[in-house]
Every structure is written in structure tokens, then in C-alpha cells.
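Data block below; observations after.
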Amino acid sequence: MATNVKVLGWLYIVLGILGVILGLGVLVILLGTGVIASDREAMTVLFIVGVVVAAVMTLVSAPGIVVGVGLIKFRPWARVLALILGFLNLPGFPLGTVLGIYTFVSLLNSDAEAAFARF
């Protein structure tokens, strides 16, 4: 069961990092579009929208990264937070649904509870 928890932790870290990269990618695309448009007002608006999107994506992805690190270290708080994030991920078909189900299967197991109690 310890291996499942570590795999789950790495999945949360990788998906969290991908979310941050996606947010930064949107920022770069919007900035590039503003530069190509050569319109000062369009560049300003696209910059603001890009920064907001990147910030929101980072804020949404950061808890997954934190949870992933906590799961790898078998912190009890990470188990609780991962279950909450797993529930919140369920509507995000297909990856979020799979991650949410895998979270429940891995962390609601009595062996996982014992593993977190040991560390």
C-alpha cells in the first residue's frame, strides 16, 4: 500500500506542475497575440487576462503539489487533503475522475491508514 500512496503523491505533483505550466503557456500565448496585434490596448488587456489565468491556474494547481509532497512523506494531513482534492477532481473527466477514484481506493484502505499511522 505504501507504493500506491507514493504513486498517488507523484501523480498529484506531476498534474500540479502540468497545471502551472499550462497557465504559464496561456500567458505566453496571450502575450504573443498581443504583440502580434501591435495594438497597445489589446496588449494591455491580453496581458491582464494572461496574468489572471496564470495566477488562477497556479492557485488551483498548488494544493496538488503540496498534497503530493505530503503523501510521499506520509503526512497525516496530506491524506485528509488528498481525499478532499480527490472529491473535487471527480467532475474533471477523464483525468480528474480517474485520479479521484484512485485517491479513494488508495487512501480509504485500512492498510493506508496504518501506513500513515506509522510515519
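The chains in the C-alpha cells are called A, B, ... from first to last as shown; in each chain the residues are counted from 1, and the ligands are counted from 1 in the order shown.
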
Quiz item: Which neighbours of A:Leu88 fall inside 12 Å, counting only C-alpha atoms, when residues of the same chain fewer than 6 positions from it are skipped, and could you give them as an MDAnalysis selection string?
Solution: chainID A and resid 60 63:64 81:82 96:101 103:104

Practice problem: May I have the residues within 9 Å of A:Val20 as a list in words, using only C-alpha atoms and disregarding those fewer than 3 positions away in the same chain? | Solution: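 Returned residues: Leu15, Gly16, Ile17, Gly23, Leu24, Gly25, Ala54, Ala55, Met57, Thr58, Leu59, Val60, Ser61 and Ala62 of chain A.
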
Quiz item: Pick the closest to A:Phe74 from A:Val51, A:Val35, A:Ala115, A:Ile29: which is it, counting only C-alpha atoms?
Solution: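 Using only C-alpha atoms, the shortest distance to A:Phe74 belongs to A:Ala115.
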
List as a Markdown table every residue of stretch 23-78 of chain A that is in contact with stretch 4-11 of chain A, defined as an atom at most 12 Å from one of its atoms (using only C-alpha atoms), together with the nearest atom pair and the distance in Å rounded to one decimal, sorted by chain and then rising number.
| residue | atom | partner | partner_atom | distance |
| --- | --- | --- | --- | --- |
| A:Pro63 | CA | A:Gly9 | CA | 11.7 |
| A:Gly64 | CA | A:Gly9 | CA | 8.6 |
| A:Ile65 | CA | A:Gly9 | CA | 8.3 |
| A:Val66 | CA | A:Gly9 | CA | 9.2 |
| A:Val67 | CA | A:Gly9 | CA | 6.9 |
| A:Gly68 | CA | A:Gly9 | CA | 3.7 |
| A:Val69 | CA | A:Gly9 | CA | 6.3 |
| A:Gly70 | CA | A:Gly9 | CA | 7.4 |
| A:Leu71 | CA | A:Gly9 | CA | 5.0 |
| A:Ile72 | CA | A:Lys6 | CA | 4.9 |
| A:Lys73 | CA | A:Lys6 | CA | 8.3 |
| A:Phe74 | CA | A:Val5 | CA | 8.0 |
| A:Arg75 | CA | A:Val5 | CA | 10.9 |
| A:Pro76 | CA | A:Val5 | CA | 11.9 |
| A:Ala78 | CA | A:Gly9 | CA | 9.3 |

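Minimum distance to A:Arg79 across A:Phe116, A:Met43, A:Leu18, A:Phe93 (counting only C-alpha atoms) occurs at A:Phe116.
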
Practice problem: Could you check which of A:Leu107, A:Ile13, A:Val49, A:Val28 is closest to A:Ile84, using only C-alpha atoms? | Solution: A:Leu107
